[in-house]
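**Student:** This one is protein22.pdb, PDB, C-alpha atoms, pLDDT in the B column.
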ATOM      1  CA  MET A   1     -40.135 -17.022   4.147  1.00 55.00           C
ATOM      2  CA  PRO A   2     -41.199 -16.269   7.736  1.00 63.00           C
ATOM      3  CA  LEU A   3     -40.476 -18.778  10.425  1.00 63.00           C
ATOM      4  CA  GLY A   4     -43.595 -20.006  12.188  1.00 67.00           C
ATOM      5  CA  PRO A   5     -43.879 -21.450  15.682  1.00 69.00           C
ATOM      6  CA  PHE A   6     -41.870 -24.600  16.341  1.00 68.00           C
ATOM      7  CA  THR A   7     -40.801 -26.876  19.164  1.00 73.00           C
ATOM      8  CA  ILE A   8     -37.322 -27.707  20.408  1.00 76.00           C
ATOM      9  CA  SER A   9     -36.822 -31.170  21.875  1.00 79.00           C
ATOM     10  CA  LYS A  10     -33.757 -32.647  23.560  1.00 80.00           C
ATOM     11  CA  ASP A  11     -32.996 -36.369  23.794  1.00 81.00           C
ATOM     12  CA  PHE A  12     -30.282 -38.050  25.850  1.00 83.00           C
ATOM     13  CA  VAL A  13     -29.216 -40.685  23.308  1.00 80.00           C
ATOM     14  CA  HIS A  14     -27.221 -42.691  25.866  1.00 69.00           C
ATOM     15  CA  GLY A  15     -29.628 -42.079  28.737  1.00 76.00           C
ATOM     16  CA  THR A  16     -27.505 -39.526  30.589  1.00 75.00           C
ATOM     17  CA  GLU A  17     -26.538 -35.912  30.033  1.00 75.00           C
ATOM     18  CA  ASP A  18     -22.869 -36.979  29.976  1.00 76.00           C
ATOM     19  CA  GLY A  19     -23.421 -38.914  26.744  1.00 79.00           C
ATOM     20  CA  CYS A  20     -24.633 -37.822  23.355  1.00 82.00           C
ATOM     21  CA  ILE A  21     -27.415 -35.242  23.252  1.00 82.00           C
ATOM     22  CA  ARG A  22     -29.690 -34.782  20.232  1.00 84.00           C
ATOM     23  CA  VAL A  23     -31.549 -31.479  19.846  1.00 84.00           C
ATOM     24  CA  VAL A  24     -34.297 -31.092  17.242  1.00 83.00           C
ATOM     25  CA  ALA A  25     -35.563 -27.621  16.353  1.00 80.00           C
ATOM     26  CA  MET A  26     -38.116 -28.046  13.621  1.00 72.00           C
ATOM     27  CA  PRO A  27     -37.847 -31.189  11.506  1.00 68.00           C
ATOM     28  CA  GLN A  28     -35.063 -29.681   9.383  1.00 74.00           C
ATOM     29  CA  ILE A  29     -32.614 -28.713  12.145  1.00 81.00           C
ATOM     30  CA  ILE A  30     -30.962 -31.499  14.141  1.00 83.00           C
ATOM     31  CA  ILE A  31     -27.859 -30.945  16.249  1.00 87.00           C
ATOM     32  CA  TYR A  32     -25.898 -33.680  18.007  1.00 87.00           C
ATOM     33  CA  ARG A  33     -23.493 -33.026  20.881  1.00 89.00           C
ATOM     34  CA  ILE A  34     -21.093 -35.975  20.778  1.00 88.00           C
ATOM     35  CA  PRO A  35     -18.441 -36.640  23.418  1.00 88.00           C
ATOM     36  CA  HIS A  36     -15.518 -38.369  21.712  1.00 86.00           C
ATOM     37  CA  ASP A  37     -15.840 -41.422  23.958  1.00 83.00           C
ATOM     38  CA  PHE A  38     -19.453 -41.975  22.867  1.00 84.00           C
ATOM     39  CA  ALA A  39     -19.003 -41.467  19.110  1.00 83.00           C
ATOM     40  CA  GLN A  40     -18.439 -45.170  18.346  1.00 81.00           C
ATOM     41  CA  ASN A  41     -21.874 -45.952  19.828  1.00 82.00           C
ATOM     42  CA  LEU A  42     -23.774 -43.811  17.299  1.00 83.00           C
ATOM     43  CA  THR A  43     -23.417 -45.885  14.148  1.00 80.00           C
ATOM     44  CA  ASP A  44     -27.200 -46.531  14.024  1.00 81.00           C
ATOM     45  CA  GLU A  45     -28.194 -42.839  14.016  1.00 83.00           C
ATOM     46  CA  GLN A  46     -29.506 -42.186  10.484  1.00 82.00           C
ATOM     47  CA  GLU A  47     -29.070 -38.400  10.690  1.00 83.00           C
ATOM     48  CA  LEU A  48     -25.311 -38.851  11.224  1.00 85.00           C
ATOM     49  CA  LYS A  49     -24.987 -40.921   8.036  1.00 86.00           C
ATOM     50  CA  GLN A  50     -25.965 -37.918   5.944  1.00 86.00           C
ATOM     51  CA  ALA A  51     -24.061 -34.864   4.753  1.00 87.00           C
ATOM     52  CA  GLY A  52     -23.503 -32.158   7.316  1.00 88.00           C
ATOM     53  CA  ILE A  53     -21.295 -29.687   9.092  1.00 90.00           C
ATOM     54  CA  TYR A  54     -19.355 -30.574  12.219  1.00 90.00           C
ATOM     55  CA  LEU A  55     -17.385 -28.764  14.895  1.00 91.00           C
ATOM     56  CA  LEU A  56     -14.670 -30.512  16.904  1.00 91.00           C
ATOM     57  CA  MET A  57     -13.574 -28.927  20.170  1.00 90.00           C
ATOM     58  CA  ASN A  58     -10.397 -29.511  22.124  1.00 86.00           C
ATOM     59  CA  THR A  59     -10.932 -28.054  25.571  1.00 82.00           C
ATOM     60  CA  GLU A  60      -7.332 -28.609  26.663  1.00 83.00           C
ATOM     61  CA  GLN A  61      -5.863 -26.604  23.780  1.00 82.00           C
ATOM     62  CA  ARG A  62      -8.892 -24.308  23.568  1.00 85.00           C
ATOM     63  CA  SER A  63      -9.282 -24.929  19.860  1.00 85.00           C
ATOM     64  CA  ILE A  64     -12.120 -25.651  17.464  1.00 88.00           C
ATOM     65  CA  TYR A  65     -12.135 -27.274  14.029  1.00 88.00           C
ATOM     66  CA  ILE A  66     -14.992 -26.752  11.589  1.00 89.00           C
ATOM     67  CA  GLY A  67     -15.510 -29.214   8.759  1.00 88.00           C
ATOM     68  CA  GLN A  68     -18.076 -30.572   6.349  1.00 88.00           C
ATOM     69  CA  ALA A  69     -18.913 -34.040   5.141  1.00 86.00           C
ATOM     70  CA  ASP A  70     -20.742 -35.477   2.176  1.00 81.00           C
ATOM     71  CA  SER A  71     -22.998 -38.478   2.619  1.00 73.00           C
ATOM     72  CA  ARG A  72     -20.249 -40.534   0.937  1.00 61.00           C
ATOM     73  CA  GLU A  73     -20.639 -43.770  -0.945  1.00 65.00           C
ATOM     74  CA  THR A  74     -19.910 -45.715   2.234  1.00 67.00           C
ATOM     75  CA  GLY A  75     -23.003 -44.236   3.871  1.00 71.00           C
ATOM     76  CA  LYS A  76     -21.020 -43.013   6.882  1.00 77.00           C
ATOM     77  CA  GLY A  77     -21.686 -39.285   6.400  1.00 85.00           C
ATOM     78  CA  VAL A  78     -20.769 -36.722   9.017  1.00 85.00           C
ATOM     79  CA  LEU A  79     -20.052 -39.219  11.829  1.00 84.00           C
ATOM     80  CA  GLY A  80     -17.800 -41.244   9.535  1.00 83.00           C
ATOM     81  CA  ARG A  81     -15.856 -38.122   8.635  1.00 82.00           C
ATOM     82  CA  MET A  82     -15.455 -37.157  12.288  1.00 82.00           C
ATOM     83  CA  MET A  83     -14.224 -40.607  13.281  1.00 80.00           C
ATOM     84  CA  GLU A  84     -12.128 -41.654  10.259  1.00 77.00           C
ATOM     85  CA  THR A  85     -10.415 -38.356   9.555  1.00 73.00           C
ATOM     86  CA  HIS A  86     -10.123 -36.851  13.018  1.00 72.00           C
ATOM     87  CA  SER A  87      -9.506 -39.763  15.375  1.00 69.00           C
ATOM     88  CA  LYS A  88      -6.033 -40.841  14.349  1.00 67.00           C
ATOM     89  CA  PRO A  89      -3.523 -40.822  17.226  1.00 65.00           C
ATOM     90  CA  GLY A  90      -1.350 -37.726  17.313  1.00 58.00           C
ATOM     91  CA  ILE A  91      -3.240 -35.877  14.575  1.00 58.00           C
ATOM     92  CA  ASP A  92      -6.478 -34.445  15.906  1.00 65.00           C
ATOM     93  CA  LYS A  93      -7.486 -34.626  19.528  1.00 80.00           C
ATOM     94  CA  TRP A  94     -11.031 -33.567  20.281  1.00 86.00           C
ATOM     95  CA  ASP A  95     -13.182 -33.905  23.370  1.00 87.00           C
ATOM     96  CA  VAL A  96     -16.605 -32.934  22.080  1.00 90.00           C
ATOM     97  CA  GLY A  97     -18.009 -32.767  18.587  1.00 90.00           C
ATOM     98  CA  TYR A  98     -21.158 -31.103  17.282  1.00 91.00           C
ATOM     99  CA  ALA A  99     -22.825 -32.436  14.145  1.00 90.00           C
ATOM    100  CA  LEU A 100     -25.414 -30.368  12.284  1.00 88.00           C
TER     101      LEU A 100
END
Give the structure from the file, written as structure tokens.
**Tutor:**
Amino acid sequence: MPLGPFTISKDFVHGTEDGCIRVVAMPQIIIYRIPHDFAQNLTDEQELKQAGIYLLMNTEQRSIYIGQADSRETGKGVLGRMMETHSKPGIDKWDVGYAL
């Protein structure tokens, strides 16, 4: 199916470019750039409570982790997976996450 014209919009969720950024390309494609320090403030974002793919980047170690999350019975989805599984001290350190 050919891709027709579409618009890309960018929102600063926390009001600054240092915080979370939400990019929408067509209604079906939403990408969040989430600094680790801002992740706790995104619990009201409905898109992050759904299933998705996420990338966690550690700039100090120059590493990237790619994972996936179901919507889960708890309703926490991709953000819940990023925070519950990958925010334990000494296990996974990430600076910036991307949720798709």
**Student:** Excluding stretch 7-21 of chain A and residues on its chain fewer than 3 positions from it, collect all residues at most 12 Å away from it, counting only C-alpha atoms, and give them as a list in words.
**Tutor:**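 After dropping sequence-adjacent residues, the list is Leu3, Gly4, Val24, Ala25, Met26, Pro27, Gln28, Ile29, Ile30, Ile31, Tyr32, Arg33, Ile34, Pro35, His36, Asp37, Phe38, Ala39, Gln40, Asn41, Leu42, Asp44, Glu45, Asp95, Val96, Gly97, Tyr98 and Ala99 of chain A.
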**Student:** Might you pull out every residue within 6 Å of A:Gly77, with only C-alpha atoms counted and same-chain residues fewer than 4 positions away left off, and present them as a list in words?
**Tutor:**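 Counting only the stated atoms, we get Lys49, Gln50, Ala51, Asp70, Ser71 and Arg72 of chain A.
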**Student:** Specify as a list of chain:residue names each residue included when the PyMOL selection byres ((chain A and resi 56) around 9) is applied to this file.
**Tutor:**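 With the shown file as input, the PyMOL selection byres ((chain A and resi 56) around 9) matches A:Tyr54, A:Leu55, A:Met57, A:Asn58, A:Ser63, A:Ile64, A:Tyr65, A:Ile66, A:Gly67, A:Met82, A:His86, A:Lys93, A:Trp94, A:Asp95, A:Val96, A:Gly97, A:Tyr98, A:Ala99.
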**Student:** Between atom CA of A:Gly52 and atom CA of A:Lys76, what is the distance, to one decimal in Å?
**Tutor:**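 So the two atoms, atom CA of A:Gly52 and atom CA of A:Lys76, lie 11.1 Å apart.
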**Student:** Rounded to one decimal, what separation in Å do you get between atom CA of A:Leu100 and atom CA of A:Gly80?
**Tutor:** 13.6 Å
**Student:** Measure the distance from atom CA of A:Gly75 to atom CA of A:Arg22 in Å and round it to one decimal.
**Tutor:**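 Taking atom CA of A:Gly75 as the start and atom CA of A:Arg22 as the end point, the length is 20.0 Å.
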**Student:** Given only C-alpha atoms as the basis, pick out the residue of A:Thr59, A:Val78, A:Glu84, A:Glu47 nearest to A:Val23.
**Tutor:**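 Under the stated criterion, the closest residue is A:Glu47.
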